[in-house]
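Here the structure is laid out as structure tokens; the discussion comes afterwards.
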Amino acid sequence: MSGTATTLDDSILATAPGSSSPRSSSKAVRWTAKAGFALIDQGLVSGSNFVVSIVLARWLTPVEYGGFALVFAVFLLLSMAYQCLLLEPMAIFGVGEYRARLRGYLKTLLGVHGIISGAILLALAMAAAVAHARGNAGGLPSALAGIGVAAPCILLFWLARRACYLNAQSSIAAAGAILYCVSMMSGLWVVHLFRALSAFSAFLIMGLSGLLTAMVLFLLLNGSIAGGDSAPSARDTWRCHWGYGAWALGGAIASWIPAYIYYPLLGGFAGLSTVGSFKALMNLAAPVTQLQAAFSMLLIPYAARRFQQRGTDSVIGLGALLTWCGLGCAIVYWLAIAGFQHSIFHALYDGRYPEVAPLIPLAALGSIFWAATFGFSTALRAMERPRLIFVAFAVASAVSLLAGIPATRAFGLMGAIWGVNVSDLSAFLLLMIAVARIKRQGDARPSGPAVPASYQSLSGVTHSS
């Protein structure tokens, strides 16, 4: 559940590279330390989820792993809505409008979390009941039941992580990430030793690890949370969050479709074992997208500051540089993978899914283009143009579905991979066209209400595990 990019607190960004204000060496050291803790936090949480995907592919049957992958894709869609409507606005309003009563604001958010979590639990419980009633669903009903129980706990952990950054406590967030990683890996290993590992037990362990870590984080934060206990109403808070997060939600859904819609499509056309093979292949793209998510924490605020100080051309130049860096790093990574593809698959999956290894070059094509979108999407966010990102992802999703659905029906796994590739290529070209149009228009600022520059869609999540 890579699911969350972390936004640094304004007090950290005030001393970030690129700031025009004088900075002492001590401030630079503090910023470097806080940024380092933020990267550790993101890296451990994302890395642990990546490792979980690998070990489950080794320890579960292909059908069970396919059920896990399909349900996890559904969870990511639900978590994107949570991220856009609760966590991202919290990063803005927690250090802005509600800073003076932060403690009360967090209490209100906990209540909103309870309402959202209850709705998610109910929806997933109904889905599990329907899957069970249909019969012949493999491990799908139990996987749905497992994520239904685990989702509220995992999302509470994400809420606690984001609360750490409101007070610039990235070191506490990093400590929580260590606890989450250790507890989840230990739990999976113990359950595996007792031969009780399944999609249900895996999700349950993830949920318990998230709940334990969230409780510890809130206890550690309790003494350092600033502001009074006066809580804003849930209605006013939700109105503010919806006004901020609506565009982010649209962009998140549009970015989820081409990457994860093929899990249920493959399940319907080819069975859960093929879904497991697809997940095993796409796991290899996770390091690329997780690296983007980690760097986005630092580069998006820096690009936004650069836009305010130097204008459009400077940010577009930075976006082009990041595009070439993304392309280069992704090409080098996939060349290394392709050179040892059979050995890597055997080492990661203990000899399972050998039929998927020859498809690595095909999957690499889309991942490379997706890595290239990072530069232009960073520039557009910095220039406060989230609508253009939404439009690009929405059109790319439509193109992907038009080509990918018949291809998946006809060619199975290979057709699904081509559906993802078409989307990645389309998104890259559309973002490049959007940036080129802005450059031709000159240094004009966007009209209408500005979206805060720290807005981040979940593009770093779409191809991750």
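So you can find residues: chains in the structure tokens are A, B, ... in the order shown, residues in each start at 1, and ligands are numbered from 1 in order.
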Leaving out segment 390-405 of chain A and any residue of its chain fewer than 4 positions from it, which residues lie within 9 Å of it when counting only C-alpha atoms, given as a JSON list (two decimals) with N, CA, C and O atoms, in the first residue's frame?
```
[["chain", "number", "residue", "atom", "x", "y", "z"],
["A", 247, "TRP", "N", -10.88, 17.86, -7.39],
["A", 247, "TRP", "CA", -10.05, 17.65, -8.59],
["A", 247, "TRP", "C", -9.03, 16.54, -8.36],
["A", 247, "TRP", "O", -8.74, 15.75, -9.26],
["A", 248, "ALA", "N", -8.48, 16.49, -7.16],
["A", 248, "ALA", "CA", -7.52, 15.43, -6.85],
["A", 248, "ALA", "C", -8.19, 14.06, -6.96],
["A", 248, "ALA", "O", -7.60, 13.10, -7.44],
["A", 250, "GLY", "N", -10.80, 13.25, -8.85],
["A", 250, "GLY", "CA", -11.00, 12.94, -10.26],
["A", 250, "GLY", "C", -9.73, 12.44, -10.92],
["A", 250, "GLY", "O", -9.73, 11.45, -11.66],
["A", 251, "GLY", "N", -8.61, 13.12, -10.61],
["A", 251, "GLY", "CA", -7.34, 12.69, -11.18],
["A", 251, "GLY", "C", -6.90, 11.32, -10.68],
["A", 251, "GLY", "O", -6.34, 10.52, -11.42],
["A", 252, "ALA", "N", -7.18, 11.05, -9.40],
["A", 252, "ALA", "CA", -6.80, 9.75, -8.83],
["A", 252, "ALA", "C", -7.57, 8.62, -9.48],
["A", 252, "ALA", "O", -7.00, 7.58, -9.80],
["A", 253, "ILE", "N", -8.88, 8.82, -9.65],
["A", 253, "ILE", "CA", -9.69, 7.78, -10.28],
["A", 253, "ILE", "C", -9.24, 7.55, -11.72],
["A", 253, "ILE", "O", -9.12, 6.41, -12.18],
["A", 254, "ALA", "N", -8.97, 8.65, -12.41],
["A", 254, "ALA", "CA", -8.52, 8.53, -13.80],
["A", 254, "ALA", "C", -7.19, 7.81, -13.90],
["A", 254, "ALA", "O", -6.94, 7.07, -14.86],
["A", 255, "SER", "N", -6.32, 8.01, -12.92],
["A", 255, "SER", "CA", -5.02, 7.33, -12.95],
["A", 255, "SER", "C", -5.11, 5.88, -12.48],
["A", 255, "SER", "O", -4.28, 5.05, -12.85],
["A", 256, "TRP", "N", -6.13, 5.57, -11.67],
["A", 256, "TRP", "CA", -6.31, 4.19, -11.20],
["A", 256, "TRP", "C", -6.81, 3.28, -12.31],
["A", 256, "TRP", "O", -6.38, 2.12, -12.41],
["A", 257, "ILE", "N", -7.68, 3.80, -13.16],
["A", 257, "ILE", "CA", -8.37, 2.96, -14.14],
["A", 257, "ILE", "C", -7.41, 2.17, -15.03],
["A", 257, "ILE", "O", -7.50, 0.93, -15.10],
["A", 258, "PRO", "N", -6.46, 2.81, -15.73],
["A", 258, "PRO", "CA", -5.64, 2.02, -16.65],
["A", 258, "PRO", "C", -4.70, 1.04, -15.96],
["A", 258, "PRO", "O", -4.33, 0.03, -16.54],
["A", 259, "ALA", "N", -4.32, 1.34, -14.72],
["A", 259, "ALA", "CA", -3.36, 0.46, -14.04],
["A", 259, "ALA", "C", -4.03, -0.71, -13.35],
["A", 259, "ALA", "O", -3.47, -1.80, -13.28],
["A", 261, "ILE", "N", -7.74, -1.53, -13.54],
["A", 261, "ILE", "CA", -8.99, -2.07, -14.06],
["A", 261, "ILE", "C", -8.77, -3.44, -14.69],
["A", 261, "ILE", "O", -9.70, -4.25, -14.81],
["A", 262, "TYR", "N", -7.51, -3.72, -15.07],
["A", 262, "TYR", "CA", -7.25, -4.99, -15.73],
["A", 262, "TYR", "C", -7.19, -6.17, -14.76],
["A", 262, "TYR", "O", -7.24, -7.32, -15.19],
["A", 265, "LEU", "N", -10.82, -7.29, -14.91],
["A", 265, "LEU", "CA", -11.05, -7.75, -16.28],
["A", 265, "LEU", "C", -10.41, -9.11, -16.52],
["A", 265, "LEU", "O", -11.02, -10.02, -17.10],
["A", 386, "PRO", "N", -3.82, 21.51, -11.91],
["A", 386, "PRO", "CA", -4.25, 20.12, -11.72],
["A", 386, "PRO", "C", -5.31, 19.68, -12.71],
["A", 386, "PRO", "O", -5.44, 18.49, -13.00],
["A", 409, "ARG", "N", -9.70, -9.40, -23.65],
["A", 409, "ARG", "CA", -10.63, -10.50, -23.95],
["A", 409, "ARG", "C", -10.04, -11.46, -24.97],
["A", 409, "ARG", "O", -10.21, -12.68, -24.86],
["A", 410, "ALA", "N", -9.31, -10.91, -25.95],
["A", 410, "ALA", "CA", -8.78, -11.75, -27.03],
["A", 410, "ALA", "C", -7.46, -12.42, -26.67],
["A", 410, "ALA", "O", -7.22, -13.58, -27.02],
["A", 415, "GLY", "N", -2.76, -8.90, -23.67],
["A", 415, "GLY", "CA", -3.66, -7.81, -24.01],
["A", 415, "GLY", "C", -3.79, -6.81, -22.88],
["A", 415, "GLY", "O", -3.86, -5.59, -23.11],
["A", 416, "ALA", "N", -3.80, -7.28, -21.62],
["A", 416, "ALA", "CA", -3.88, -6.37, -20.48],
["A", 416, "ALA", "C", -2.62, -5.50, -20.38],
["A", 416, "ALA", "O", -2.70, -4.30, -20.09],
["A", 417, "ILE", "N", -1.47, -6.12, -20.64],
["A", 417, "ILE", "CA", -0.22, -5.34, -20.60],
["A", 417, "ILE", "C", -0.22, -4.26, -21.66],
["A", 417, "ILE", "O", 0.18, -3.10, -21.42],
["A", 418, "TRP", "N", -0.71, -4.58, -22.86],
["A", 418, "TRP", "CA", -0.79, -3.58, -23.91],
["A", 418, "TRP", "C", -1.78, -2.47, -23.53],
["A", 418, "TRP", "O", -1.57, -1.30, -23.86],
["A", 419, "GLY", "N", -2.85, -2.82, -22.83],
["A", 419, "GLY", "CA", -3.79, -1.80, -22.38],
["A", 419, "GLY", "C", -3.13, -0.81, -21.45],
["A", 419, "GLY", "O", -3.34, 0.41, -21.56],
["A", 420, "VAL", "N", -2.31, -1.30, -20.52],
["A", 420, "VAL", "CA", -1.57, -0.41, -19.62],
["A", 420, "VAL", "C", -0.56, 0.42, -20.40],
["A", 420, "VAL", "O", -0.41, 1.62, -20.17],
["A", 421, "ASN", "N", 0.14, -0.19, -21.35],
["A", 421, "ASN", "CA", 1.15, 0.53, -22.12],
["A", 421, "ASN", "C", 0.55, 1.67, -22.94],
["A", 421, "ASN", "O", 1.13, 2.76, -23.02],
["A", 422, "VAL", "N", -0.60, 1.40, -23.54],
["A", 422, "VAL", "CA", -1.27, 2.45, -24.32],
["A", 422, "VAL", "C", -1.61, 3.64, -23.43],
["A", 422, "VAL", "O", -1.45, 4.81, -23.81],
["A", 423, "SER", "N", -2.06, 3.37, -22.23],
["A", 423, "SER", "CA", -2.39, 4.44, -21.30],
["A", 423, "SER", "C", -1.16, 5.25, -20.91],
["A", 423, "SER", "O", -1.18, 6.49, -20.89],
["A", 424, "ASP", "N", -0.07, 4.56, -20.59],
["A", 424, "ASP", "CA", 1.15, 5.26, -20.18],
["A", 424, "ASP", "C", 1.70, 6.15, -21.29],
["A", 424, "ASP", "O", 2.10, 7.29, -21.05],
["A", 425, "LEU", "N", 1.71, 5.62, -22.51],
["A", 425, "LEU", "CA", 2.19, 6.41, -23.64],
["A", 425, "LEU", "C", 1.27, 7.61, -23.89],
["A", 425, "LEU", "O", 1.74, 8.73, -24.11],
["A", 426, "SER", "N", -0.04, 7.40, -23.82],
["A", 426, "SER", "CA", -0.99, 8.49, -24.04],
["A", 426, "SER", "C", -0.84, 9.57, -22.98],
["A", 426, "SER", "O", -0.86, 10.77, -23.29],
["A", 427, "ALA", "N", -0.70, 9.17, -21.72],
["A", 427, "ALA", "CA", -0.54, 10.15, -20.64],
["A", 427, "ALA", "C", 0.71, 10.98, -20.84],
["A", 427, "ALA", "O", 0.70, 12.21, -20.66],
["A", 428, "PHE", "N", 1.81, 10.34, -21.21],
["A", 428, "PHE", "CA", 3.05, 11.07, -21.45],
["A", 428, "PHE", "C", 2.90, 12.08, -22.57],
["A", 428, "PHE", "O", 3.29, 13.25, -22.44],
["A", 429, "LEU", "N", 2.31, 11.66, -23.69],
["A", 429, "LEU", "CA", 2.16, 12.58, -24.83],
["A", 429, "LEU", "C", 1.22, 13.74, -24.49],
["A", 429, "LEU", "O", 1.49, 14.90, -24.84],
["A", 430, "LEU", "N", 0.13, 13.46, -23.77],
["A", 430, "LEU", "CA", -0.83, 14.52, -23.44],
["A", 430, "LEU", "C", -0.25, 15.53, -22.46],
["A", 430, "LEU", "O", -0.48, 16.74, -22.58],
["A", 431, "LEU", "N", 0.52, 15.05, -21.48],
["A", 431, "LEU", "CA", 1.17, 15.98, -20.55],
["A", 431, "LEU", "C", 2.21, 16.83, -21.27],
["A", 431, "LEU", "O", 2.35, 18.03, -20.98],
["A", 434, "ALA", "N", 0.34, 19.51, -23.11],
["A", 434, "ALA", "CA", -0.17, 20.52, -22.18],
["A", 434, "ALA", "C", 0.92, 21.48, -21.77],
["A", 434, "ALA", "O", 0.72, 22.71, -21.73],
["A", 457, "SER", "N", -1.49, 14.40, -6.97],
["A", 457, "SER", "CA", -2.34, 13.28, -7.30],
["A", 457, "SER", "C", -1.62, 12.00, -6.95],
["A", 457, "SER", "O", -0.46, 12.02, -6.56]]
```
Sel. of alpha helix (DSSP H) residues, segment 35-146 of chain A, as JSON, numbers by chain
{"A": [35, 36, 37, 38, 39, 40, 41, 42, 43, 44, 45, 46, 47, 48, 49, 50, 51, 52, 53, 54, 55, 56, 57, 58, 59, 62, 63, 64, 65, 66, 67, 68, 69, 70, 71, 72, 73, 74, 75, 76, 77, 78, 79, 80, 81, 82, 88, 89, 90, 91, 92, 93, 102, 103, 104, 105, 106, 107, 108, 109, 110, 111, 112, 113, 114, 115, 116, 117, 118, 119, 120, 121, 122, 123, 124, 125, 126, 127, 128, 129, 130, 131, 132, 133, 134, 140, 141, 142, 143, 144, 145, 146]}
Residues at most 12 Å from segment 126-140 of chain A, counting only C-alpha atoms, excluding those fewer than 2 positions away in the same chain, as a short mmCIF file (atom, residue, chain, number, x, y, z; two decimals) with C-alpha atoms, in the first residue's frame?
```
data_model
loop_
_atom_site.label_atom_id
_atom_site.label_comp_id
_atom_site.auth_asym_id
_atom_site.auth_seq_id
_atom_site.Cartn_x
_atom_site.Cartn_y
_atom_site.Cartn_z
CA LEU A 60 0.25 -18.49 -1.83
CA THR A 61 -1.16 -20.51 -4.70
CA PRO A 62 -1.64 -18.59 -7.97
CA VAL A 63 -5.42 -18.53 -7.45
CA GLU A 64 -5.08 -17.23 -3.87
CA TYR A 65 -2.54 -14.65 -4.96
CA GLY A 66 -4.81 -13.58 -7.78
CA GLY A 67 -7.59 -13.01 -5.25
CA PHE A 68 -5.21 -10.98 -3.11
CA ALA A 69 -4.14 -8.86 -6.10
CA LEU A 70 -7.72 -8.23 -7.23
CA VAL A 71 -8.91 -7.19 -3.76
CA PHE A 72 -5.83 -5.06 -3.21
CA VAL A 74 -10.10 -2.46 -5.08
CA ALA A 119 -18.92 2.81 4.95
CA ILE A 120 -15.89 0.98 3.51
CA LEU A 121 -16.34 -1.92 5.92
CA LEU A 122 -20.02 -2.24 5.02
CA ALA A 123 -19.36 -2.10 1.27
CA LEU A 124 -16.61 -4.72 1.41
CA SER A 142 -12.20 -14.35 2.33
CA ALA A 143 -9.86 -11.78 0.78
CA LEU A 144 -12.72 -9.26 0.63
CA ALA A 145 -13.60 -10.01 4.24
CA GLY A 146 -9.96 -9.58 5.26
CA ILE A 147 -9.52 -6.20 3.61
CA GLY A 148 -12.88 -5.10 4.99
CA VAL A 149 -11.55 -5.61 8.52
CA LEU A 197 -1.19 -17.93 5.54
CA SER A 198 -3.97 -16.83 3.20
CA ALA A 199 -5.17 -13.61 1.64
CA PHE A 200 -7.48 -13.16 4.65
CA SER A 201 -4.71 -13.64 7.24
CA PRO A 264 -11.01 -7.51 -12.48
CA GLY A 267 -10.35 -12.21 -13.41
CA GLY A 268 -13.49 -12.29 -15.52
CA GLY A 271 -9.43 -16.46 -14.04
CA LEU A 272 -7.71 -15.52 -10.79
CA SER A 273 -4.52 -17.43 -11.59
CA VAL A 275 -4.55 -12.14 -12.22
#
```
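Distances to Gln42 of chain A were evaluated for A:Ala338, A:Leu110, A:Ala125, A:Cys181 using only C-alpha atoms, and the minimum falls at A:Cys181.
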With the cut-off set at 12 Å and counting only C-alpha atoms, tabulate each residue of segment 200-287 of chain A with an atom at most that distance from an atom of segment 349-352 of chain A, showing the nearest atom pair and its distance in Å to one decimal, ordered by chain and increasing number, as JSON lines.
```
{"residue": "A:Ser273", "atom": "CA", "partner": "A:Arg352", "partner_atom": "CA", "distance": 11.6}
{"residue": "A:Gly276", "atom": "CA", "partner": "A:Arg352", "partner_atom": "CA", "distance": 10.5}
{"residue": "A:Ser277", "atom": "CA", "partner": "A:Arg352", "partner_atom": "CA", "distance": 9.1}
{"residue": "A:Lys279", "atom": "CA", "partner": "A:Tyr349", "partner_atom": "CA", "distance": 11.8}
{"residue": "A:Ala280", "atom": "CA", "partner": "A:Tyr349", "partner_atom": "CA", "distance": 8.3}
{"residue": "A:Leu281", "atom": "CA", "partner": "A:Tyr349", "partner_atom": "CA", "distance": 10.6}
{"residue": "A:Asn283", "atom": "CA", "partner": "A:Tyr349", "partner_atom": "CA", "distance": 11.0}
{"residue": "A:Leu284", "atom": "CA", "partner": "A:Tyr349", "partner_atom": "CA", "distance": 11.6}
```
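Counting only C-alpha atoms, Ala436 of chain A has the following residues at most 12 Å away, ignoring those fewer than 4 positions along the same chain: Thr312, Asp313, Ile316, Gly317, Gly319, Ala320, Phe376, Ala379, Leu380, Leu429, Leu430, Leu431, Met432, Arg440, Gln441 and Gly442 of chain A.
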Residues from last step as file, C-alpha atoms, as a PDB file, in the first residue's frame:
```pdb
ATOM      1  CA  THR A 312       6.924  29.417 -16.064  1.00  0.00           C
ATOM      2  CA  ASP A 313       9.987  28.855 -18.239  1.00  0.00           C
ATOM      3  CA  ILE A 316       9.146  23.860 -17.525  1.00  0.00           C
ATOM      4  CA  GLY A 317      12.918  23.546 -17.820  1.00  0.00           C
ATOM      5  CA  GLY A 319      10.149  19.454 -15.712  1.00  0.00           C
ATOM      6  CA  ALA A 320      12.096  18.605 -18.870  1.00  0.00           C
ATOM      7  CA  PHE A 376       5.825  17.178 -16.747  1.00  0.00           C
ATOM      8  CA  ALA A 379       5.776  21.060 -13.537  1.00  0.00           C
ATOM      9  CA  LEU A 380       2.004  21.245 -13.974  1.00  0.00           C
ATOM     10  CA  LEU A 429       2.158  12.584 -24.829  1.00  0.00           C
ATOM     11  CA  LEU A 430      -0.833  14.515 -23.442  1.00  0.00           C
ATOM     12  CA  LEU A 431       1.168  15.975 -20.551  1.00  0.00           C
ATOM     13  CA  MET A 432       3.916  16.979 -22.972  1.00  0.00           C
ATOM     14  CA  ARG A 440       3.629  29.107 -25.932  1.00  0.00           C
ATOM     15  CA  GLN A 441       1.181  31.187 -23.874  1.00  0.00           C
ATOM     16  CA  GLY A 442       3.989  32.764 -21.890  1.00  0.00           C
TER      17      GLY A 442
END
```
